[in-house]
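Let me begin by presenting the structure, written as structure tokens, before commenting on it.
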Amino acid sequence: MKAKIKPKKGKLYLTISISSLTTALLLTMFYRPFIYENKINDFGFSDTIGSLVSVIGFCFFVWGLKAYSNNDKNKQIIIATIIYAFGWEFFGYLRIYGTFDYKDIIAAVISGIMTFLLKEFIEKKWDEKNLA
């Protein structure tokens, strides 16, 4: 029988993932239509909601299921950011799926940066809590 490596912060990571994806869903369902109906210029925020949470939602979900080293997490952030920022938008550029929007590329890169910063914050606070 294989021993499962259960992440110590698994519940926290899954909570962050589910919270970010739920927030994105709610913003897409309610905020985006409100912006469109009232012709409000929100500088493209309503169009990039999914890209802003893509890396956060994915990485924290994966980390919630299995323990990874800090280096592995950093690699996963980079890979997910590249896939969401450039790979996914490339499909839109080629008109295979969706539409191309440079704002989504910027939003996915911001999502990668936010994922890294949030991970670092959690790791630091977790270490401080366990050392105290």
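In the structure tokens, chains take letters A, B, ... by order of appearance, with residues numbered from 1 within each chain and ligands from 1 in the order shown.
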- Message: I want to know what sits within 10 Å of A:Pro33, based on only C-alpha atoms, with residues of the same chain fewer than 6 positions away left out; could you give that as a list in words?
- Response: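 Counting only the stated atoms, we get Leu27, Lys39 and Ser46 of chain A.
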Who sits within 9 Å of A:Pro7, only C-alpha atoms, same chain under 5 positions skipped, as a list of chain:residue names:
A:Trp63, A:Gly64, A:Leu65, A:Lys66, A:Ala67, A:Tyr68
Alpha helix (DSSP H) call set, DSSP backbone run, chain A, as a PyMOL selection string:
chain A and resi 10-26+32-37+49-65+70-82+88-93+102-131
Shell of 12 Å around A:Asp101, only C-alpha atoms, local chain residues under 5 positions omitted, as a PyMOL selection string
chain A and resi 44+47-48+51+85-86+88-95+106-108
Deliver the residues from the most recent selection as a file, using C-alpha atoms, as a tab-separated table (two decimals), in the first residue's frame.
```tsv
chain	number	residue	atom	x	y	z
A	44	GLY	CA	-10.93	45.82	-18.62
A	47	ASP	CA	-13.01	40.99	-18.94
A	48	THR	CA	-9.96	39.61	-17.11
A	51	SER	CA	-7.26	35.30	-15.88
A	85	ALA	CA	-0.75	33.85	-20.04
A	86	PHE	CA	0.69	32.71	-23.32
A	88	TRP	CA	-4.24	29.92	-23.58
A	89	GLU	CA	-4.16	33.33	-25.27
A	90	PHE	CA	-2.30	31.85	-28.23
A	91	PHE	CA	-5.39	29.69	-28.90
A	92	GLY	CA	-7.42	32.88	-28.97
A	93	TYR	CA	-4.93	34.52	-31.31
A	94	LEU	CA	-5.24	31.56	-33.69
A	95	ARG	CA	-9.04	31.67	-33.23
A	106	ILE	CA	-1.15	40.83	-18.20
A	107	ALA	CA	-3.83	39.52	-15.81
A	108	ALA	CA	-2.42	35.97	-15.90
```
request  = Name the residues in contact with A:Tyr13 at a cut-off of 8 Å, using only C-alpha atoms, excluding same-chain residues fewer than 2 positions from it; report them as number ranges by chain.
outcome  = A: 9-11, 15-17, 60-61, 63-64
Prev. selection, N, CA and C atoms, output as an mmCIF file, in the first residue's frame:
```cif
data_model
loop_
_atom_site.group_PDB
_atom_site.id
_atom_site.type_symbol
_atom_site.label_atom_id
_atom_site.label_comp_id
_atom_site.auth_asym_id
_atom_site.auth_seq_id
_atom_site.Cartn_x
_atom_site.Cartn_y
_atom_site.Cartn_z
ATOM 1 N N LYS A 9 -0.617 21.983 4.929
ATOM 2 C CA LYS A 9 -1.461 23.160 4.714
ATOM 3 C C LYS A 9 -2.571 22.875 3.705
ATOM 4 N N GLY A 10 -2.891 21.605 3.507
ATOM 5 C CA GLY A 10 -3.845 21.205 2.475
ATOM 6 C C GLY A 10 -5.193 21.889 2.566
ATOM 7 N N LYS A 11 -5.777 21.924 3.754
ATOM 8 C CA LYS A 11 -7.098 22.551 3.916
ATOM 9 C C LYS A 11 -7.038 24.041 3.616
ATOM 10 N N THR A 15 -8.969 25.826 0.585
ATOM 11 C CA THR A 15 -9.869 26.935 0.912
ATOM 12 C C THR A 15 -9.551 28.155 0.057
ATOM 13 N N ILE A 16 -8.268 28.457 -0.109
ATOM 14 C CA ILE A 16 -7.864 29.596 -0.948
ATOM 15 C C ILE A 16 -8.284 29.360 -2.392
ATOM 16 N N SER A 17 -8.058 28.153 -2.892
ATOM 17 C CA SER A 17 -8.422 27.823 -4.264
ATOM 18 C C SER A 17 -9.922 27.968 -4.487
ATOM 19 N N PHE A 60 -3.073 26.515 -5.996
ATOM 20 C CA PHE A 60 -3.486 26.215 -4.626
ATOM 21 C C PHE A 60 -4.340 24.948 -4.563
ATOM 22 N N PHE A 61 -5.080 24.656 -5.623
ATOM 23 C CA PHE A 61 -5.834 23.401 -5.664
ATOM 24 C C PHE A 61 -4.875 22.210 -5.694
ATOM 25 N N TRP A 63 -1.739 22.119 -4.728
ATOM 26 C CA TRP A 63 -0.993 22.045 -3.460
ATOM 27 C C TRP A 63 -1.876 21.551 -2.325
ATOM 28 N N GLY A 64 -3.167 21.746 -2.449
ATOM 29 C CA GLY A 64 -4.080 21.259 -1.421
ATOM 30 C C GLY A 64 -4.233 19.750 -1.433
#
```
